[in-house]
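Asks: As input, take input-v7.tsv (TSV, C-alpha atoms):
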chain	number	residue	atom	x	y	z
A	1	MET	CA	18.88	1.99	-56.37
A	2	SER	CA	21.19	2.24	-53.41
A	3	GLU	CA	18.80	0.66	-50.95
A	4	VAL	CA	18.69	-3.05	-50.25
A	5	ILE	CA	15.44	-4.89	-49.62
A	6	ALA	CA	15.88	-7.03	-46.50
A	7	THR	CA	13.56	-9.92	-45.64
A	8	ASP	CA	13.27	-12.41	-42.81
A	9	ALA	CA	15.24	-14.80	-45.01
A	10	THR	CA	18.06	-12.42	-45.96
A	11	PHE	CA	18.35	-10.33	-42.79
A	12	GLU	CA	21.20	-12.38	-41.33
A	13	LYS	CA	23.33	-12.07	-44.47
A	14	GLU	CA	22.36	-8.57	-45.63
A	15	VAL	CA	22.34	-6.85	-42.27
A	16	LEU	CA	23.89	-8.81	-39.42
A	17	GLN	CA	26.88	-10.09	-41.38
A	18	ALA	CA	27.49	-6.90	-43.31
A	19	SER	CA	31.00	-5.48	-42.96
A	20	GLU	CA	29.76	-1.88	-42.92
A	21	PRO	CA	27.17	-0.31	-40.58
A	22	VAL	CA	23.60	-0.87	-41.77
A	23	LEU	CA	20.59	1.40	-41.37
A	24	VAL	CA	17.35	-0.56	-41.55
A	25	ASP	CA	14.06	1.21	-42.23
A	26	PHE	CA	11.20	-0.87	-40.77
A	27	TRP	CA	8.12	0.20	-42.69
A	28	ALA	CA	4.79	-0.87	-44.17
A	29	PRO	CA	2.74	0.39	-47.08
A	30	TRP	CA	-0.21	1.37	-44.88
A	31	CYS	CA	1.83	3.62	-42.57
A	32	GLY	CA	1.46	7.31	-43.48
A	33	PRO	CA	4.57	8.60	-41.70
A	34	CYS	CA	6.62	5.82	-43.36
A	35	ARG	CA	5.92	7.49	-46.70
A	36	ILE	CA	7.46	10.65	-45.33
A	37	ILE	CA	10.64	9.07	-44.06
A	38	GLY	CA	10.98	6.80	-47.12
A	39	PRO	CA	12.34	9.47	-49.48
A	40	ILE	CA	14.66	10.82	-46.75
A	41	VAL	CA	16.15	7.38	-46.21
A	42	GLU	CA	16.48	6.88	-49.94
A	43	LYS	CA	18.32	10.18	-50.34
A	44	LEU	CA	20.71	9.38	-47.50
A	45	ALA	CA	21.32	5.92	-48.96
A	46	GLY	CA	22.73	7.68	-52.01
A	47	GLU	CA	24.83	10.09	-49.96
A	48	PHE	CA	26.33	7.40	-47.75
A	49	ALA	CA	26.81	4.82	-50.50
A	50	GLY	CA	29.91	2.76	-49.70
A	51	LYS	CA	30.01	3.94	-46.08
A	52	VAL	CA	26.67	2.93	-44.64
A	53	LYS	CA	24.44	0.29	-46.12
A	54	VAL	CA	20.75	1.15	-46.15
A	55	ALA	CA	18.08	-1.54	-46.10
A	56	LYS	CA	14.31	-1.47	-46.05
A	57	LEU	CA	12.28	-4.13	-44.30
A	58	ASN	CA	8.54	-4.45	-44.87
A	59	VAL	CA	7.18	-5.51	-41.47
A	60	ASP	CA	3.96	-6.74	-43.03
A	61	GLU	CA	5.82	-9.38	-45.04
A	62	ASN	CA	8.62	-9.97	-42.55
A	63	PRO	CA	7.10	-10.12	-39.09
A	64	VAL	CA	9.79	-12.37	-37.61
A	65	THR	CA	12.61	-9.84	-37.83
A	66	ALA	CA	10.40	-6.97	-36.68
A	67	GLN	CA	9.34	-8.95	-33.65
A	68	LYS	CA	12.87	-10.12	-32.87
A	69	TYR	CA	14.03	-6.52	-32.57
A	70	GLY	CA	10.97	-5.42	-30.61
A	71	VAL	CA	9.65	-3.15	-33.33
A	72	MET	CA	6.13	-2.20	-32.21
A	73	SER	CA	5.85	1.17	-33.89
A	74	ILE	CA	6.71	2.31	-37.38
A	75	PRO	CA	8.54	3.97	-38.88
A	76	THR	CA	11.42	2.61	-36.80
A	77	LEU	CA	15.01	2.99	-37.92
A	78	ILE	CA	17.68	0.76	-36.43
A	79	ILE	CA	21.41	1.07	-37.05
A	80	TYR	CA	23.30	-2.24	-36.89
A	81	LYS	CA	27.02	-2.52	-36.46
A	82	GLY	CA	28.83	-5.85	-36.36
A	83	GLY	CA	25.51	-7.67	-36.09
A	84	GLN	CA	24.33	-5.64	-33.10
A	85	ALA	CA	21.53	-3.07	-32.99
A	86	VAL	CA	23.35	0.02	-31.73
A	87	GLU	CA	20.80	2.76	-32.28
A	88	GLN	CA	17.01	2.71	-32.51
A	89	MET	CA	14.87	5.65	-33.60
A	90	VAL	CA	11.07	5.61	-33.51
A	91	GLY	CA	8.92	7.95	-35.58
A	92	VAL	CA	9.73	10.39	-38.36
A	93	GLN	CA	13.29	11.72	-38.18
A	94	GLN	CA	14.47	14.98	-39.64
A	95	GLU	CA	16.83	14.63	-42.57
A	96	ALA	CA	19.61	16.73	-40.99
A	97	ALA	CA	19.46	14.85	-37.68
A	98	LEU	CA	19.56	11.49	-39.42
A	99	ARG	CA	22.46	12.57	-41.61
A	100	GLU	CA	24.39	13.50	-38.48
A	101	LYS	CA	23.67	10.10	-36.92
A	102	LEU	CA	24.85	8.27	-40.02
A	103	ALA	CA	27.94	10.44	-40.33
A	104	ALA	CA	28.94	9.30	-36.84
A	105	PHE	CA	28.84	5.67	-38.02
A	106	GLY	CA	30.01	6.09	-41.59
B	107	MET	CA	16.08	39.25	-51.62
B	108	ALA	CA	13.16	38.77	-49.29
B	109	GLU	CA	10.53	36.20	-50.23
B	110	GLN	CA	7.01	37.48	-50.81
B	111	VAL	CA	5.61	34.82	-48.51
B	112	ILE	CA	6.98	32.01	-46.40
B	113	ILE	CA	4.54	29.35	-45.26
B	114	ILE	CA	5.42	27.33	-42.18
B	115	GLY	CA	3.59	24.02	-42.08
B	116	SER	CA	2.39	21.35	-44.50
B	117	GLY	CA	-1.07	20.20	-43.53
B	118	PRO	CA	-4.27	21.26	-45.31
B	119	ALA	CA	-3.84	24.85	-44.08
B	120	GLY	CA	-0.26	25.21	-45.29
B	121	TYR	CA	-0.85	23.56	-48.66
B	122	THR	CA	-4.08	25.45	-49.33
B	123	ALA	CA	-2.32	28.71	-48.49
B	124	ALA	CA	0.43	27.63	-50.90
B	125	VAL	CA	-2.02	26.87	-53.72
B	126	TYR	CA	-3.62	30.30	-53.35
B	127	ALA	CA	-0.35	32.21	-52.91
B	128	ALA	CA	1.26	30.41	-55.84
B	129	ARG	CA	-1.70	31.12	-58.10
B	130	ALA	CA	-1.38	34.78	-57.08
B	131	ASN	CA	2.21	34.68	-58.42
B	132	LEU	CA	3.74	35.05	-54.97
B	133	ALA	CA	6.07	32.05	-55.48
B	134	PRO	CA	5.64	30.83	-51.90
B	135	LEU	CA	8.40	29.07	-50.01
B	136	LEU	CA	6.97	26.37	-47.75
B	137	PHE	CA	8.69	24.56	-44.89
B	138	SER	CA	7.12	21.16	-44.35
B	139	GLY	CA	8.29	20.82	-40.74
B	140	GLN	CA	8.76	18.16	-38.13
B	141	GLU	CA	5.85	16.01	-39.28
B	142	PRO	CA	5.34	16.72	-42.98
B	143	GLY	CA	1.69	16.41	-43.94
B	144	GLY	CA	0.60	16.87	-40.35
B	145	GLN	CA	-2.21	15.07	-38.61
B	146	LEU	CA	-3.74	13.70	-41.82
B	147	THR	CA	-0.74	11.41	-42.21
B	148	THR	CA	-1.76	9.42	-39.16
B	149	THR	CA	-5.45	9.03	-39.98
B	150	THR	CA	-7.08	6.42	-42.18
B	151	ASP	CA	-10.36	7.11	-43.92
B	152	VAL	CA	-11.32	10.75	-44.18
B	153	GLU	CA	-15.06	10.58	-44.79
B	154	ASN	CA	-16.03	14.20	-44.28
B	155	PHE	CA	-13.83	16.09	-46.74
B	156	PRO	CA	-16.20	17.37	-49.42
B	157	GLY	CA	-15.64	16.03	-52.90
B	158	PHE	CA	-14.76	12.49	-51.88
B	159	PRO	CA	-18.09	10.67	-51.64
B	160	ASN	CA	-16.37	7.35	-50.93
B	161	GLY	CA	-13.84	8.81	-48.51
B	162	ILE	CA	-10.12	9.15	-49.03
B	163	GLN	CA	-7.08	8.04	-47.06
B	164	GLY	CA	-5.61	10.90	-44.99
B	165	PRO	CA	-2.05	10.47	-46.32
B	166	GLU	CA	-3.37	10.39	-49.89
B	167	LEU	CA	-5.41	13.54	-49.39
B	168	VAL	CA	-2.47	15.51	-48.07
B	169	ALA	CA	-0.14	14.14	-50.76
B	170	ALA	CA	-2.61	15.39	-53.38
B	171	MET	CA	-2.64	18.81	-51.72
B	172	ARG	CA	1.15	18.91	-51.85
B	173	ALA	CA	1.13	18.02	-55.55
B	174	GLN	CA	-1.42	20.75	-56.19
B	175	ALA	CA	0.72	23.33	-54.35
B	176	GLU	CA	3.80	22.27	-56.32
B	177	ARG	CA	1.94	22.39	-59.61
B	178	PHE	CA	1.57	26.16	-59.28
B	179	GLY	CA	5.17	26.77	-58.32
B	180	THR	CA	5.37	26.39	-54.56
B	181	ARG	CA	8.93	25.65	-53.50
B	182	ILE	CA	8.89	23.12	-50.69
B	183	VAL	CA	11.75	22.73	-48.22
B	184	ASP	CA	11.54	19.50	-46.25
B	185	GLU	CA	12.96	20.95	-43.07
B	186	ALA	CA	11.65	22.18	-39.76
B	187	VAL	CA	11.99	25.86	-39.01
B	188	THR	CA	14.23	26.36	-35.98
B	189	ALA	CA	13.60	30.03	-35.17
B	190	VAL	CA	11.71	33.08	-36.37
B	191	ASP	CA	12.24	36.78	-35.82
B	192	PHE	CA	9.15	38.91	-36.37
B	193	SER	CA	10.57	41.96	-34.55
B	194	ALA	CA	11.90	43.59	-37.72
B	195	ARG	CA	10.98	43.50	-41.39
B	196	PRO	CA	11.58	41.66	-43.54
B	197	PHE	CA	10.80	38.82	-41.15
B	198	ARG	CA	13.50	36.25	-40.57
B	199	VAL	CA	12.92	32.49	-40.68
B	200	SER	CA	15.78	30.16	-39.77
B	201	ALA	CA	16.07	26.52	-40.85
B	202	PRO	CA	18.92	23.98	-40.95
B	203	SER	CA	19.80	25.00	-44.51
B	204	GLY	CA	20.06	28.69	-43.67
B	205	ASP	CA	18.31	31.94	-42.85
B	206	PHE	CA	15.49	33.22	-45.04
B	207	THR	CA	13.70	36.57	-45.09
B	208	ALA	CA	10.13	37.28	-46.09
B	209	LYS	CA	7.72	40.17	-46.44
B	210	THR	CA	4.89	38.03	-45.09
B	211	VAL	CA	4.72	34.79	-43.12
B	212	ILE	CA	1.84	32.35	-42.88
B	213	ILE	CA	1.84	30.20	-39.78
B	214	ALA	CA	0.20	26.82	-40.41
B	215	THR	CA	2.09	24.65	-37.96
B	216	GLY	CA	-1.05	22.94	-36.73
B	217	ALA	CA	-1.33	20.92	-33.56
B	218	SER	CA	0.04	17.65	-32.32
B	219	ALA	CA	-1.37	14.91	-30.18
B	220	LYS	CA	-1.14	15.46	-26.46
B	221	ARG	CA	0.68	12.87	-24.44
B	222	LEU	CA	-0.43	11.60	-21.05
B	223	GLY	CA	2.69	13.14	-19.55
B	224	LEU	CA	3.94	10.08	-17.66
B	225	ASP	CA	7.63	9.15	-17.42
B	226	SER	CA	6.70	5.54	-18.13
B	227	GLU	CA	4.91	6.67	-21.28
B	228	LYS	CA	8.12	8.19	-22.60
B	229	ALA	CA	10.19	5.16	-21.60
B	230	LEU	CA	7.83	2.76	-23.39
B	231	TYR	CA	7.19	4.87	-26.48
B	232	GLY	CA	7.43	2.55	-29.48
B	233	LYS	CA	7.36	-0.40	-27.08
B	234	GLY	CA	3.62	-0.65	-26.73
B	235	VAL	CA	2.91	3.04	-26.24
B	236	SER	CA	1.87	4.55	-29.53
B	237	ALA	CA	0.69	7.88	-30.86
B	238	CYS	CA	-0.45	6.40	-34.18
B	239	ALA	CA	-3.00	3.59	-34.24
B	240	THR	CA	-2.94	3.37	-38.02
B	241	CYS	CA	0.84	2.89	-37.99
B	242	ASP	CA	1.13	0.51	-35.10
B	243	GLY	CA	-2.17	-1.36	-34.82
B	244	PHE	CA	-0.63	-4.14	-36.90
B	245	PHE	CA	1.77	-5.02	-34.08
B	246	PHE	CA	-1.13	-5.81	-31.77
B	247	LYS	CA	-2.61	-8.73	-33.68
B	248	GLY	CA	-4.31	-11.01	-31.18
B	249	LYS	CA	-3.42	-8.73	-28.27
B	250	GLU	CA	-5.34	-6.49	-25.92
B	251	VAL	CA	-4.96	-2.73	-25.99
B	252	ILE	CA	-6.15	0.41	-24.27
B	253	VAL	CA	-7.25	3.62	-25.93
B	254	VAL	CA	-7.33	6.70	-23.71
B	255	GLY	CA	-9.81	9.45	-24.51
B	256	GLY	CA	-13.47	10.12	-25.22
B	257	GLY	CA	-13.46	12.16	-28.42
B	258	ASP	CA	-13.79	11.33	-32.11
B	259	ALA	CA	-10.12	10.46	-32.42
B	260	ALA	CA	-10.36	7.96	-29.56
B	261	MET	CA	-13.44	6.31	-31.10
B	262	GLU	CA	-11.77	6.10	-34.50
B	263	GLU	CA	-8.65	4.55	-33.02
B	264	ALA	CA	-10.66	2.09	-30.92
B	265	ASN	CA	-12.64	0.93	-33.94
B	266	PHE	CA	-9.56	0.74	-36.12
B	267	LEU	CA	-7.64	-1.29	-33.54
B	268	THR	CA	-10.33	-3.96	-33.40
B	269	ARG	CA	-9.09	-5.08	-36.82
B	270	PHE	CA	-6.04	-6.41	-35.02
B	271	ALA	CA	-6.61	-6.56	-31.27
B	272	THR	CA	-8.90	-9.11	-29.64
B	273	LYS	CA	-10.12	-6.50	-27.21
B	274	VAL	CA	-9.93	-2.71	-27.03
B	275	THR	CA	-10.68	-0.97	-23.75
B	276	VAL	CA	-11.44	2.72	-23.96
B	277	VAL	CA	-10.42	4.54	-20.81
B	278	VAL	CA	-12.52	7.65	-20.32
B	279	ARG	CA	-11.89	10.17	-17.60
B	280	ARG	CA	-15.51	11.26	-17.31
B	281	ASP	CA	-18.76	9.27	-17.42
B	282	ALA	CA	-19.64	10.33	-20.95
B	283	LEU	CA	-18.08	10.66	-24.39
B	284	ARG	CA	-17.25	13.87	-26.21
B	285	ALA	CA	-17.30	12.12	-29.58
B	286	SER	CA	-19.87	12.81	-32.28
B	287	LYS	CA	-22.97	10.60	-32.37
B	288	ILE	CA	-21.92	8.58	-35.39
B	289	MET	CA	-18.46	7.81	-34.00
B	290	GLN	CA	-19.87	6.95	-30.55
B	291	GLU	CA	-22.37	4.54	-32.04
B	292	ARG	CA	-19.74	2.75	-34.07
B	293	ALA	CA	-17.58	2.21	-30.99
B	294	VAL	CA	-20.41	1.32	-28.61
B	295	ASN	CA	-21.84	-1.18	-31.09
B	296	ASN	CA	-18.47	-2.79	-31.72
B	297	PRO	CA	-18.43	-6.03	-29.74
B	298	LYS	CA	-14.66	-5.86	-29.28
B	299	VAL	CA	-14.76	-2.41	-27.67
B	300	ALA	CA	-15.31	-2.02	-23.93
B	301	PHE	CA	-15.43	1.17	-21.89
B	302	LEU	CA	-13.95	2.05	-18.52
B	303	TRP	CA	-15.69	5.19	-17.28
B	304	ASN	CA	-14.44	7.71	-14.70
B	305	THR	CA	-10.97	6.28	-15.03
B	306	GLU	CA	-7.52	7.66	-15.65
B	307	ILE	CA	-4.13	6.05	-16.18
B	308	THR	CA	-1.61	6.91	-13.50
B	309	ASP	CA	1.25	4.73	-14.72
B	310	ILE	CA	2.19	2.39	-17.54
B	311	LEU	CA	3.89	-0.84	-16.48
B	312	GLY	CA	6.57	-2.83	-18.27
B	313	ALA	CA	9.62	-0.56	-18.41
B	314	ASP	CA	11.58	-3.27	-16.58
B	315	VAL	CA	10.91	-5.83	-19.32
B	316	GLY	CA	11.08	-3.42	-22.25
B	317	HIS	CA	7.47	-3.50	-23.38
B	318	VAL	CA	4.05	-2.57	-22.05
B	319	THR	CA	2.56	-5.19	-19.75
B	320	GLY	CA	-0.19	-3.24	-18.01
B	321	VAL	CA	-1.40	0.02	-16.54
B	322	LYS	CA	-2.19	1.46	-13.16
B	323	LEU	CA	-5.64	3.03	-13.05
B	324	ARG	CA	-7.43	5.40	-10.75
B	325	ASN	CA	-11.16	5.89	-10.53
B	326	THR	CA	-11.73	9.63	-10.82
B	327	ALA	CA	-14.98	9.44	-8.84
B	328	THR	CA	-13.95	7.24	-5.92
B	329	GLY	CA	-10.16	7.56	-6.05
B	330	GLU	CA	-9.86	3.78	-6.00
B	331	ALA	CA	-6.66	2.44	-7.56
B	332	SER	CA	-6.38	-0.72	-9.64
B	333	GLU	CA	-4.19	-2.44	-12.19
B	334	MET	CA	-5.03	-3.90	-15.56
B	335	LYS	CA	-3.04	-6.06	-17.93
B	336	THR	CA	-2.62	-4.75	-21.45
B	337	ASP	CA	-0.17	-5.00	-24.35
B	338	GLY	CA	-0.57	-1.52	-25.75
B	339	VAL	CA	-1.59	2.01	-24.84
B	340	PHE	CA	-2.86	4.44	-27.49
B	341	SER	CA	-3.71	7.92	-26.31
B	342	ALA	CA	-6.15	10.22	-28.07
B	343	ILE	CA	-6.70	12.89	-25.45
B	344	GLY	CA	-6.70	15.93	-27.64
B	345	HIS	CA	-4.18	18.21	-29.22
B	346	GLU	CA	-1.98	21.15	-28.43
B	347	PRO	CA	-0.99	23.86	-30.89
B	348	THR	CA	2.54	23.87	-32.26
B	349	THR	CA	3.50	27.39	-31.26
B	350	LYS	CA	6.66	27.13	-29.14
B	351	LEU	CA	8.53	28.72	-32.03
B	352	PHE	CA	6.40	31.85	-31.84
B	353	ALA	CA	6.28	32.47	-28.08
B	354	GLY	CA	7.11	36.09	-27.35
B	355	GLN	CA	6.86	37.01	-31.04
B	356	ILE	CA	3.11	37.10	-31.59
B	357	GLU	CA	0.11	37.03	-29.31
B	358	LEU	CA	-0.90	33.55	-28.14
B	359	ASP	CA	-3.90	32.73	-25.98
B	360	ALA	CA	-3.74	31.01	-22.60
B	361	LYS	CA	-3.71	27.58	-24.25
B	362	GLY	CA	-0.98	28.55	-26.69
B	363	TYR	CA	-3.12	29.06	-29.80
B	364	VAL	CA	-2.28	31.92	-32.15
B	365	VAL	CA	-4.73	34.78	-31.68
B	366	THR	CA	-6.23	36.04	-34.96
B	367	LYS	CA	-8.20	39.21	-35.40
B	368	ASN	CA	-11.92	39.65	-36.07
B	369	GLY	CA	-12.62	36.74	-38.35
B	370	THR	CA	-9.45	37.23	-40.43
B	371	SER	CA	-6.14	35.41	-40.36
B	372	ALA	CA	-4.21	38.47	-39.13
B	373	THR	CA	-2.08	37.93	-36.02
B	374	SER	CA	-0.83	40.61	-33.64
B	375	VAL	CA	2.08	41.32	-36.02
B	376	PRO	CA	1.09	43.01	-39.32
B	377	GLY	CA	2.28	40.81	-42.17
B	378	VAL	CA	2.15	37.58	-40.14
B	379	PHE	CA	-0.95	35.47	-40.72
B	380	ALA	CA	-2.16	32.16	-39.33
B	381	GLY	CA	-4.44	29.39	-40.58
B	382	GLY	CA	-5.46	25.89	-39.55
B	383	ASP	CA	-5.43	24.19	-36.18
B	384	VAL	CA	-2.66	26.42	-34.83
B	385	ALA	CA	-5.27	29.18	-34.51
B	386	ASP	CA	-8.35	27.02	-34.05
B	387	PHE	CA	-9.20	25.26	-30.82
B	388	ARG	CA	-12.84	24.87	-31.79
B	389	TYR	CA	-13.35	23.20	-35.17
B	390	ARG	CA	-10.03	21.46	-35.96
B	391	GLN	CA	-11.14	19.83	-39.19
B	392	ALA	CA	-9.17	19.25	-42.39
B	393	VAL	CA	-11.74	21.30	-44.26
B	394	THR	CA	-11.70	24.22	-41.83
B	395	ALA	CA	-7.90	24.19	-41.89
B	396	ALA	CA	-7.99	24.35	-45.68
B	397	GLY	CA	-10.48	27.22	-45.44
B	398	THR	CA	-8.46	29.31	-43.01
B	399	GLY	CA	-5.26	28.50	-44.94
B	400	CYS	CA	-6.94	30.03	-47.98
B	401	MET	CA	-7.91	33.08	-45.89
B	402	ALA	CA	-4.29	33.51	-44.78
B	403	ALA	CA	-3.04	33.50	-48.37
B	404	LEU	CA	-5.68	36.02	-49.47
B	405	ASP	CA	-4.89	38.22	-46.46
B	406	ALA	CA	-1.15	38.03	-47.21
B	407	GLU	CA	-1.79	38.92	-50.85
B	408	LYS	CA	-3.88	41.93	-49.86
B	409	PHE	CA	-1.24	43.01	-47.35
B	410	LEU	CA	1.50	42.89	-50.01
B	411	GLU	CA	-0.65	44.90	-52.39
B	412	SER	CA	-1.32	47.58	-49.78
B	413	GLU	CA	2.39	47.77	-48.97
B	414	ALA	CA	3.25	48.23	-52.63
B	415	HIS	CA	1.18	51.39	-52.92
Before we go any further, please render this structure as structure tokens.

Replies:
Amino acid sequence: MSEVIATDATFEKEVLQASEPVLVDFWAPWCGPCRIIGPIVEKLAGEFAGKVKVAKLNVDENPVTAQKYGVMSIPTLIIYKGGQAVEQMVGVQQEAALREKLAAFG
Amino acid sequence: MAEQVIIIGSGPAGYTAAVYAARANLAPLLFSGQEPGGQLTTTTDVENFPGFPNGIQGPELVAAMRAQAERFGTRIVDEAVTAVDFSARPFRVSAPSGDFTAKTVIIATGASAKRLGLDSEKALYGKGVSACATCDGFFFKGKEVIVVGGGDAAMEEANFLTRFATKVTVVVRRDALRASKIMQERAVNNPKVAFLWNTEITDILGADVGHVTGVKLRNTATGEASEMKTDGVFSAIGHEPTTKLFAGQIELDAKGYVVTKNGTSATSVPGVFAGGDVADFRYRQAVTAAGTGCMAALDAEKFLESEAH
């Protein structure tokens, strides 16, 4: 699997200190639209392997990180670069649009 | 070569049309659109879809429909259609991956939740303003929220949000609810739900601090203005049909719904059919959408047969 599972405990190391840009998918099992964006994110993780790191963060189990970044709606996707959140997208994103976004960072 | 049938939309109407068209050997091509699965993906328990005596989760129901459509050979493209051309045949349907042509098209693009239409609503979207209580209720644990609207959807959201919020205030523009009896009773009898009658929201506060802090209200009877503190605003004020794509191509009514003819799914363009909420301002149920999606597939099949002779 090309996606990384991020948690409150590993977020600093996996995401903020990563050398490459990181796309984080904030999700939860009970969120219908998250199930739609899940496979899209997974597919793009494969396509951008080595260029953009893709992580999933379950907000149910990791409320601290979600709260820290003001996530109050899921699915939310945040792109981090050099430890900073540089792009935040709320709601289901189209595959093509998301690919374009990632291409700009990758 | 032109497709026999292209289906635009992936709610109960689109998937039911796909099941029927696929079983009629029409090898339908279905575009799942901007919000694959449609409105069912943002609901919780569906208790009124026949065949599920204990209810079923909306996302599960629509996922099962998708699987059923695929089982009979529906090809699903997870893209949103960007343009259509119904002025010549075969019809043209454009998507990010290319242009497609089809002998018949079934429109099942459904409807989406109306927004309040405030600038502050847009600015605070995902920061306390939400269009999906089932997705975002979790973030309002121990907080106070507002639900706007007086229909079934508003009652469902209000009840659902009491699992997390300490208090849910339903803001209703009139002095009565539109919701069905059973949904009204659940909300009215819920000790965490309060109602504000004859009231509308004129502004959402908190853009300066990056999250919702309150709302400005106006009494629709007296005109009196007030403010109220809140952490979240969920609106459930009805739906509008997703028909921008078809403006100028087929007949739409004054509210933007696709006009269908005499109890069939036929639109103003022969060979283009419509099913589900996109052509239904009245019933708007998962089961009626499935029913009219079925009608659209049967009508398309008959149309193709008549063309072949």

Asks: To one decimal place in Å, what is the distance between CA of Leu267 (chain B) and CA of Glu346 (chain B)?

Replies: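 Rounded to one decimal, the two atoms are 23.7 Å apart.
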
Asks: Using all atoms listed in the file, which protein or nucleic acid residues come within 7 Å of Ala403 (chain B)? Drop anything in the same chain fewer than 2 positions from it, and give the result as an NGL selection string.

Replies: :B and (123 or 126-127 or 399-401 or 405-407)

Asks: Using only C-alpha atoms and a cut-off of 12 Å, which residues of chain B sit close to chain A? Please list them as a PyMOL selection string.

Replies: chain B and resi 116+138-151+163-169+183-188+201-203+228-247+315-318+337-340

Asks: Measuring atom to atom with all atoms listed in the file, identify which of A:Glu100, A:Leu77, A:Val64, A:Glu87 is nearest to Thr10 (chain A).

Replies: A:Val64

Asks: Mind giving me the straight-line distance from CA of Thr180 (chain B) to CA of Ser193 (chain B) in Å, one decimal?

Replies: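 About the pair CA of Thr180 (chain B) and CA of Ser193 (chain B): they are 25.9 Å apart.
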
Asks: Go through B:Thr268, B:Pro297, B:Ala173, B:Gly377 and flag the residue nearest Glu411 (chain B), using only C-alpha atoms for the distances.

Replies: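 Checking each of B:Thr268, B:Pro297, B:Ala173, B:Gly377 against Glu411 (chain B), counting only C-alpha atoms, the winner is B:Gly377.
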
Asks: Which value, in Å to one decimal, gives the distance between CA of Lys220 (chain B) and CA of Ala260 (chain B)?

Replies: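 Those two atoms sit 12.3 Å apart.
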
Asks: Counting all atoms listed in the file, what is within 10 Å of Gln17 (chain A), bar same-chain residues fewer than 6 positions away, as a list of chain:residue names?

Replies: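 Listing them by chain and then by number gives A:Phe11, A:Tyr80, A:Lys81, A:Gly82, A:Gly83, A:Gln84.
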
Asks: Name the closest residue to Ala104 (chain A) among the candidates A:Glu61, A:Phe26, A:Asp8, A:Ile79; distances are taken between atoms, counting all atoms listed in the file.

Replies: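 With all atoms listed in the file as the atom set, the closest residue is A:Ile79.
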
Asks: Pick from B:Val199, B:Val321, B:Ile112, B:Leu358: nearest to Ile182 (chain B), with all atoms listed in the file counted?

Replies: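 Closest to Ile182 (chain B) of all the choices is B:Ile112.
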
Asks: Residues at most 9 Å from Ala55 (chain A), counting only C-alpha atoms, excluding those fewer than 3 positions away in the same chain, as a PyMOL selection string?

Replies: chain A and resi 2-6+14-15+22-26+45

Asks: Show me as a list in words the residues that reach within 9 Å of (-7.6, 22.4, -40.8), counting all atoms listed in the file and using the file's own coordinates.

Replies: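 Those within range, by chain then number, are Gly117, Pro118, Ala119, Ala214, Gly216, Gly381, Gly382, Asp383, Val384, Asp386, Tyr389, Arg390, Gln391, Ala392, Val393, Thr394, Ala395, Ala396, Gly397, Thr398 and Gly399 of chain B.
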
Asks: Need the shell around Val364 (chain B): protein/DNA/RNA residues with any atom at most 12 Å away, counting all atoms listed in the file. Skip same-chain ones fewer than 5 positions apart. Format as a PDB file with C-alpha atoms, keeping the file's coordinate frame?

Replies:
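Generated file (selection35.pdb):
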ATOM      1  CA  ILE B 212       1.840  32.350 -42.880  1.00  0.00           C
ATOM      2  CA  ILE B 213       1.840  30.200 -39.780  1.00  0.00           C
ATOM      3  CA  ALA B 214       0.200  26.820 -40.410  1.00  0.00           C
ATOM      4  CA  THR B 215       2.090  24.650 -37.960  1.00  0.00           C
ATOM      5  CA  GLY B 216      -1.050  22.940 -36.730  1.00  0.00           C
ATOM      6  CA  ALA B 217      -1.330  20.920 -33.560  1.00  0.00           C
ATOM      7  CA  GLU B 346      -1.980  21.150 -28.430  1.00  0.00           C
ATOM      8  CA  PRO B 347      -0.990  23.860 -30.890  1.00  0.00           C
ATOM      9  CA  THR B 348       2.540  23.870 -32.260  1.00  0.00           C
ATOM     10  CA  THR B 349       3.500  27.390 -31.260  1.00  0.00           C
ATOM     11  CA  LYS B 350       6.660  27.130 -29.140  1.00  0.00           C
ATOM     12  CA  LEU B 351       8.530  28.720 -32.030  1.00  0.00           C
ATOM     13  CA  PHE B 352       6.400  31.850 -31.840  1.00  0.00           C
ATOM     14  CA  ALA B 353       6.280  32.470 -28.080  1.00  0.00           C
ATOM     15  CA  GLY B 354       7.110  36.090 -27.350  1.00  0.00           C
ATOM     16  CA  GLN B 355       6.860  37.010 -31.040  1.00  0.00           C
ATOM     17  CA  ILE B 356       3.110  37.100 -31.590  1.00  0.00           C
ATOM     18  CA  GLU B 357       0.110  37.030 -29.310  1.00  0.00           C
ATOM     19  CA  LEU B 358      -0.900  33.550 -28.140  1.00  0.00           C
ATOM     20  CA  ASP B 359      -3.900  32.730 -25.980  1.00  0.00           C
ATOM     21  CA  SER B 371      -6.140  35.410 -40.360  1.00  0.00           C
ATOM     22  CA  ALA B 372      -4.210  38.470 -39.130  1.00  0.00           C
ATOM     23  CA  THR B 373      -2.080  37.930 -36.020  1.00  0.00           C
ATOM     24  CA  SER B 374      -0.830  40.610 -33.640  1.00  0.00           C
ATOM     25  CA  VAL B 375       2.080  41.320 -36.020  1.00  0.00           C
ATOM     26  CA  VAL B 378       2.150  37.580 -40.140  1.00  0.00           C
ATOM     27  CA  PHE B 379      -0.950  35.470 -40.720  1.00  0.00           C
ATOM     28  CA  ALA B 380      -2.160  32.160 -39.330  1.00  0.00           C
ATOM     29  CA  GLY B 381      -4.440  29.390 -40.580  1.00  0.00           C
ATOM     30  CA  GLY B 382      -5.460  25.890 -39.550  1.00  0.00           C
ATOM     31  CA  ASP B 383      -5.430  24.190 -36.180  1.00  0.00           C
ATOM     32  CA  VAL B 384      -2.660  26.420 -34.830  1.00  0.00           C
ATOM     33  CA  ALA B 385      -5.270  29.180 -34.510  1.00  0.00           C
ATOM     34  CA  ASP B 386      -8.350  27.020 -34.050  1.00  0.00           C
ATOM     35  CA  PHE B 387      -9.200  25.260 -30.820  1.00  0.00           C
TER      36      PHE B 387
END
